[in-house]
Amino acid sequence: MIAASGLRLTEHELDVPLHPGSDETLTVFAREVAAPEGLDKPFLVFLQGGPGFESPRPAGAPAAWLKRALQDFRVLLLDQRGTGRSGIAPTDAERLQHYRADAIVRDCEAFREHFGVERWAVLGQSFGGLCVYTYLSAHPEHLSEAFITGGIPVLGNRIEDVYRATYALTAERTRRYFERYPADRARVEDLLKRDDIVLPGGDRLTPGRVRALGRMLGMSDGAENLHHLLELDPASPVFRHDAERASEFPRNPIYAVLHDACWADGGTTRWAAERVYGGELLTGEHMFPALFDEIADMRPFRDAAHTLAEHEWPRLYDEDRLAANEVPCAAAVYANDMYLPRVFSEETAARTGRMRIWLTDEYEHNGLRVDGGRVLGRLIDLARDRV
């Protein structure tokens, strides 16, 4: 297939087992993107953020990062299991426990074997970076290069440490936001007291959903987007529709159901975000059990979410293998990242062989989206020792 941009798009579907040894299978989808002259270039697998979001869809002019990638690679855009065209997220814990980064890496390996490729490169954005680290732990021999943007994980069972740090970062970002838009504090406080706002889907705008609007503040345009929502009349249809869309959990339920689990390098999570919550006015990427009651479309996942909160997770990362890593790696670490605190990223990077980082305060968490050509180009140069 030839896209409007002239890129060559090829669709691939592969049946994979739910887990090793399982008779149950699911179909995983990936879209191969190549420049007309790049059909034989090596592969770069793109691992999307989330968890629980499908890969981007090429439309019109390619994104800047994709345009840069196509200079060196053909790109495989993987819809991680339970997203996009890779099936529907199950509602039971028994299956959902097999939708983490380790399963995504196994799906990548199934595609690699399907294509008959010995080694390929990977690019992980946000949660995709956690998948890259899982790949480096499980199958480094099949990677030629690894690039990460805003997604170096914490090693070990330290989810409480992560959430304490991200609450502090969100509180600081909230303080700066209200300095910029002082009238919005009263608007937030008013919304937290109200129980009369019914969203288009029939759910009420609860205090938890109001506080969770703070998730916006970690992106480069987040403050403006939050302000543009809060300046609206809460009684207006525009406000109610936009407030509902700000809670994207029903469209991508894995994001909420497995968010804690993606941090679990062993151990249990036990609703860690709720346990360490300190009463912050706005929250970030922090999942609370109440959302599975307050959002009607998330109620089918409620029992699974509670079961998974008590699940004993296997480790995702092999620290010895990471220390001995010889795959050329480069990562963009955003100095002010609200979602992945730099202190943990730098700590893990220092324990990873052949990892070079670019610490920058020029971007927020979405640096790949806003200036992807420069970001990816810098990482490629770092991994290849050209910087």
# chains A, B, ... in the order shown; residues from 1 in each chain; ligands from 1
>>> select_by_dssp(residues="range 130-333 of chain A", states="strand (DSSP E)", output="list in words")
Leu143, Ser144, Glu145, Ala146, Phe147, Ile148, Thr149, Cys329, Ala330, Ala331, Ala332 and Val333 of chain A
>>> residues_around(residues="range 126-134 of chain A", least_positions_apart="6", cutoff="7 Å", atoms="only C-alpha atoms", output="ChimeraX atom specification")
/A:47-51,101-102,105,148-153,316-317
>>> residues_around(residues="His228 in chain A", least_positions_apart="4", cutoff="10 Å", atoms="only C-alpha atoms", output="list in words")
Gly222, Ala223, Glu224, Leu232, Phe239 and Asp242 of chain A
>>> closest_residue(among="A:Ala168, A:Leu14, A:Ile295, A:Leu382", to="Val198 in chain A", atoms="only C-alpha atoms")
A:Ile295
>>> select_by_dssp(residues="range 18-244 of chain A", states="helix (DSSP H, G or I)", output="VMD selection string")
chain A and resid 64 to 69 93 to 96 101 to 115 127 to 138 140 to 142 159 to 180 183 to 193 207 to 218 222 to 230 237 to 244
>>> residues_around(residues="Ala89 in chain A", least_positions_apart="4", cutoff="9 Å", atoms="only C-alpha atoms", output="PyMOL selection string")
chain A and resi 52+81-83+95-96+99+252-254
>>> closest_residue(among="A:Gly284, A:Gly87, A:Pro341, A:Gly124", to="Leu217 in chain A", atoms="only C-alpha atoms")
A:Gly284
>>> closest_residue(among="A:His139, A:Arg85, A:Arg8, A:Arg74", to="Ala30 in chain A", atoms="only C-alpha atoms")
A:Arg85
>>> residues_around(residues="Leu379 in chain A", least_positions_apart="3", cutoff="12 Å", atoms="only C-alpha atoms", output="PyMOL selection string")
chain A and resi 65+68-69+122-124+145-149+328-333+355-359+368+372-376+382-387
